[in-house]
Amino acid sequence: MKAYSSVAAVIAIIITLIIPTYESSKVNSDYYDLAMQGFLKSDADLQVLNIQTWTKIRTGALTENELLDIHEEIISSLGLSSNPEIDNINPGFLNIFQKEKISEDIYVESSLQSLSNGEGESGTYLGILIFTKDFSTGRAYYDRIDTALSKLNIKSEIGITATGTYDGNLESSQSEKRIKEIFTAINAKSQEGINSEGLLSVSGYSEGCPDYLSVNGKKININIAMRYHSIDNQTYIHVGAPLIYEEY
């Protein structure tokens with residue numbers, strides 16, 4: 001499994017991506033189903049599943065005890081024993097977090113960050129990050145995150161990115177064909193894309209999953225990207241819903 005990144009490290013990326021409006025309508029499919037179905041159609045070798053959420057849960061700062069109470073609720077929902085660490089070194093910033101490598105294939109991280117700045121914006125944020133290599137395990141943790149958010153009465157998208165590999169350097173035409181096949185399999189319509197400098201990335205919308213982000217007036221709930229990495233002579237594919245939540 002690739003080296004683990006922390007919730008804090010991906011915050012900037014997530015905030016940049018999640019500016020669009022979030023819309024939700026529960027039917028019979030969610031982001032996890034969409035990403036899993038898309039990836040399974042790719043025939044790639046699964047390397048890692050990245051499941052995460054990042055959201056503002058309060059407009060103001062919370063005390064350490066208040067954060068600890070919320071932490072206990074989250075960790076319990078994730079099926080873990082509470083063992084929080086506290087970072088309060090910097091004035092105006094408090095972070096209650098827990099990181100656990102449950103096995104070689106499962107890593108869990110939760111972070112509650114409270115910012116209090118008299119001259120700037122104050123707020124409290126929740127980040128949860130899961131890495132696993134198994135779709136059944138990923139499904140269980142995806143549902144646990146959903147439970148944690150529901151208990152806290154928080155509405156936030158839970159992103160899923162499945163990353164896999166193919167041996168060697170796939171030609172551009174091969175990559176385009178694979179992405180087209182995935183979009184066809186999940187009944188998705190392409191909305192926008194990038195094809196430059198070895199990177200092919202396509203975003204779209206599938207009615208099979210009614211949850212979506214509104215990006216520049218377009219519905220987006222699936223993002224697929226492919227790129228060749230010469231360092232290990234493999235072509236990587238990332239299948240994300242609603243977007244890809246990692247660097248590629």
# chains A, B, ... in the order shown; residues from 1 in each chain; ligands from 1
$ residues_around --residues "Pro242 of chain A" --least-positions-apart "4" --cutoff "9 Å" --atoms "only C-alpha atoms" --output "PyMOL selection string"
chain A and resi 31+34-35+157-161+203+205+211-213+220-223
$ write_last_selection --atoms "N, CA and C atoms" --output "mmCIF file, in the first residue's frame"
data_model
loop_
_atom_site.group_PDB
_atom_site.id
_atom_site.type_symbol
_atom_site.label_atom_id
_atom_site.label_comp_id
_atom_site.auth_asym_id
_atom_site.auth_seq_id
_atom_site.Cartn_x
_atom_site.Cartn_y
_atom_site.Cartn_z
ATOM 1 N N TYR A 31 -22.095 6.918 -3.585
ATOM 2 C CA TYR A 31 -20.781 7.122 -4.174
ATOM 3 C C TYR A 31 -19.929 5.854 -4.113
ATOM 4 N N LEU A 34 -20.948 3.437 -6.813
ATOM 5 C CA LEU A 34 -20.576 3.952 -8.130
ATOM 6 C C LEU A 34 -19.089 3.752 -8.405
ATOM 7 N N ALA A 35 -18.247 4.116 -7.432
ATOM 8 C CA ALA A 35 -16.798 3.967 -7.614
ATOM 9 C C ALA A 35 -16.402 2.498 -7.708
ATOM 10 N N GLU A 157 -20.552 15.041 2.078
ATOM 11 C CA GLU A 157 -20.263 13.943 1.174
ATOM 12 C C GLU A 157 -19.100 13.120 1.711
ATOM 13 N N ILE A 158 -19.156 11.821 1.439
ATOM 14 C CA ILE A 158 -18.061 10.905 1.769
ATOM 15 C C ILE A 158 -17.448 10.489 0.444
ATOM 16 N N GLY A 159 -16.200 10.860 0.226
ATOM 17 C CA GLY A 159 -15.540 10.573 -1.039
ATOM 18 C C GLY A 159 -14.856 9.224 -1.032
ATOM 19 N N ILE A 160 -14.837 8.573 -2.176
ATOM 20 C CA ILE A 160 -14.172 7.281 -2.330
ATOM 21 C C ILE A 160 -13.331 7.307 -3.596
ATOM 22 N N THR A 161 -12.078 6.902 -3.474
ATOM 23 C CA THR A 161 -11.203 6.786 -4.641
ATOM 24 C C THR A 161 -10.567 5.408 -4.642
ATOM 25 N N SER A 203 -14.516 13.653 -16.045
ATOM 26 C CA SER A 203 -15.547 13.747 -15.013
ATOM 27 C C SER A 203 -16.912 13.613 -15.669
ATOM 28 N N TYR A 205 -21.413 12.279 -14.969
ATOM 29 C CA TYR A 205 -22.561 12.082 -14.083
ATOM 30 C C TYR A 205 -23.306 10.819 -14.479
ATOM 31 N N ASP A 211 -26.760 11.264 -6.019
ATOM 32 C CA ASP A 211 -25.958 12.240 -5.285
ATOM 33 C C ASP A 211 -24.925 12.836 -6.237
ATOM 34 N N TYR A 212 -24.656 14.116 -6.093
ATOM 35 C CA TYR A 212 -23.706 14.746 -7.010
ATOM 36 C C TYR A 212 -23.217 16.082 -6.471
ATOM 37 N N LEU A 213 -22.144 16.558 -7.067
ATOM 38 C CA LEU A 213 -21.667 17.916 -6.860
ATOM 39 C C LEU A 213 -22.081 18.739 -8.071
ATOM 40 N N ILE A 220 -21.760 16.411 -11.344
ATOM 41 C CA ILE A 220 -20.575 15.547 -11.348
ATOM 42 C C ILE A 220 -20.669 14.564 -10.183
ATOM 43 N N ASN A 221 -20.551 13.267 -10.470
ATOM 44 C CA ASN A 221 -20.474 12.293 -9.379
ATOM 45 C C ASN A 221 -19.498 11.154 -9.661
ATOM 46 N N ILE A 222 -18.758 11.264 -10.771
ATOM 47 C CA ILE A 222 -17.733 10.266 -11.077
ATOM 48 C C ILE A 222 -16.559 10.945 -11.775
ATOM 49 N N ASN A 223 -15.360 10.548 -11.402
ATOM 50 C CA ASN A 223 -14.139 11.117 -11.986
ATOM 51 C C ASN A 223 -13.141 9.976 -12.183
#
$ select_by_dssp --residues "segment 23-120 of chain A" --states "strand (DSSP E)" --output "ChimeraX atom specification"
/A:23,45-58,85-87,93-103,106-115
$ select_by_dssp --residues "segment 62-178 of chain A" --states "alpha helix (DSSP H)" --output "VMD selection string"
chain A and resid 64 to 77 135 to 151 172 to 178
$ residues_around --residues "segment 81-92 of chain A" --least-positions-apart "6" --cutoff "6 Å" --atoms "only C-alpha atoms" --output "PyMOL selection string"
chain A and resi 98+115-117
$ write_last_selection --atoms "N, CA and C atoms" --output "PDB file, in the first residue's frame"
ATOM      1  N   GLN A  98      -6.659  10.971  16.162  1.00  0.00           N
ATOM      2  CA  GLN A  98      -6.298   9.585  16.445  1.00  0.00           C
ATOM      3  C   GLN A  98      -5.941   8.898  15.141  1.00  0.00           C
ATOM      4  N   LEU A 115     -10.413  26.190  15.217  1.00  0.00           N
ATOM      5  CA  LEU A 115      -9.639  27.401  14.977  1.00  0.00           C
ATOM      6  C   LEU A 115     -10.318  28.584  15.643  1.00  0.00           C
ATOM      7  N   SER A 116      -9.541  29.344  16.382  1.00  0.00           N
ATOM      8  CA  SER A 116     -10.073  30.536  17.041  1.00  0.00           C
ATOM      9  C   SER A 116      -9.129  31.686  16.771  1.00  0.00           C
ATOM     10  N   ASN A 117      -9.562  32.581  15.888  1.00  0.00           N
ATOM     11  CA  ASN A 117      -8.720  33.705  15.485  1.00  0.00           C
ATOM     12  C   ASN A 117      -9.543  34.979  15.558  1.00  0.00           C
TER      13      ASN A 117
END
$ atom_distance --atom1 "atom CA of Leu126 of chain A" --atom2 "atom CA of His71 of chain A"
9.4 Å
$ closest_residue --among "A:Tyr245, A:Trp54, A:Phe183, A:Phe39" --to "Phe131 of chain A" --atoms "only C-alpha atoms"
A:Tyr245
$ closest_residue --among "A:Thr124, A:Thr55, A:Asn50, A:Thr147" --to "Asp105 of chain A" --atoms "only C-alpha atoms"
A:Asn50
$ residues_around --residues "Leu170 of chain A" --least-positions-apart "6" --cutoff "9 Å" --atoms "only C-alpha atoms" --output "list in words"
Arg227, Tyr228, Gln234 and Thr235 of chain A
$ write_last_selection --atoms "N, CA and C atoms" --output "mmCIF file, in the first residue's frame"
data_model
loop_
_atom_site.group_PDB
_atom_site.id
_atom_site.type_symbol
_atom_site.label_atom_id
_atom_site.label_comp_id
_atom_site.auth_asym_id
_atom_site.auth_seq_id
_atom_site.Cartn_x
_atom_site.Cartn_y
_atom_site.Cartn_z
ATOM 1 N N ARG A 227 -2.782 7.746 -15.695
ATOM 2 C CA ARG A 227 -1.469 8.337 -15.963
ATOM 3 C C ARG A 227 -0.397 7.250 -15.823
ATOM 4 N N TYR A 228 0.599 7.307 -16.689
ATOM 5 C CA TYR A 228 1.719 6.370 -16.632
ATOM 6 C C TYR A 228 2.812 6.916 -15.737
ATOM 7 N N GLN A 234 4.277 1.402 -14.580
ATOM 8 C CA GLN A 234 2.877 1.021 -14.465
ATOM 9 C C GLN A 234 1.972 2.199 -14.829
ATOM 10 N N THR A 235 0.840 1.875 -15.376
ATOM 11 C CA THR A 235 -0.179 2.887 -15.647
ATOM 12 C C THR A 235 -1.196 2.844 -14.514
#
$ closest_residue --among "A:Val202, A:Met226, A:Ile106, A:Ile74" --to "Ala188 of chain A" --atoms "only C-alpha atoms"
A:Val202
$ residues_around --residues "Ile182 of chain A" --least-positions-apart "5" --cutoff "8 Å" --atoms "only C-alpha atoms" --output "list in words"
Gly38, Phe39, Lys41 and Ser42 of chain A
$ residues_around --residues "segment 44-47 of chain A" --least-positions-apart "4" --cutoff "7 Å" --atoms "only C-alpha atoms" --output "compact mmCIF listing (two decimals) with N, CA and C atoms, in the first residue's frame"
# COMPACT_ATOMS: atom_id res chain seq x y z
N MET A 1 0.84 -1.20 0.00
CA MET A 1 0.00 0.00 0.00
C MET A 1 0.88 1.24 0.00
N LYS A 133 -7.55 -2.11 1.35
CA LYS A 133 -7.32 -2.76 0.06
C LYS A 133 -8.46 -3.69 -0.34
N THR A 163 -7.80 3.14 -6.44
CA THR A 163 -6.60 3.27 -7.28
C THR A 163 -6.08 1.89 -7.66
N GLY A 164 -5.83 1.70 -8.94
CA GLY A 164 -5.31 0.44 -9.42
C GLY A 164 -4.23 0.64 -10.46
N THR A 165 -3.65 -0.45 -10.91
CA THR A 165 -2.53 -0.36 -11.86
C THR A 165 -2.66 -1.39 -12.98
N TYR A 166 -2.01 -1.03 -14.09
CA TYR A 166 -1.79 -1.94 -15.21
C TYR A 166 -0.29 -1.99 -15.45
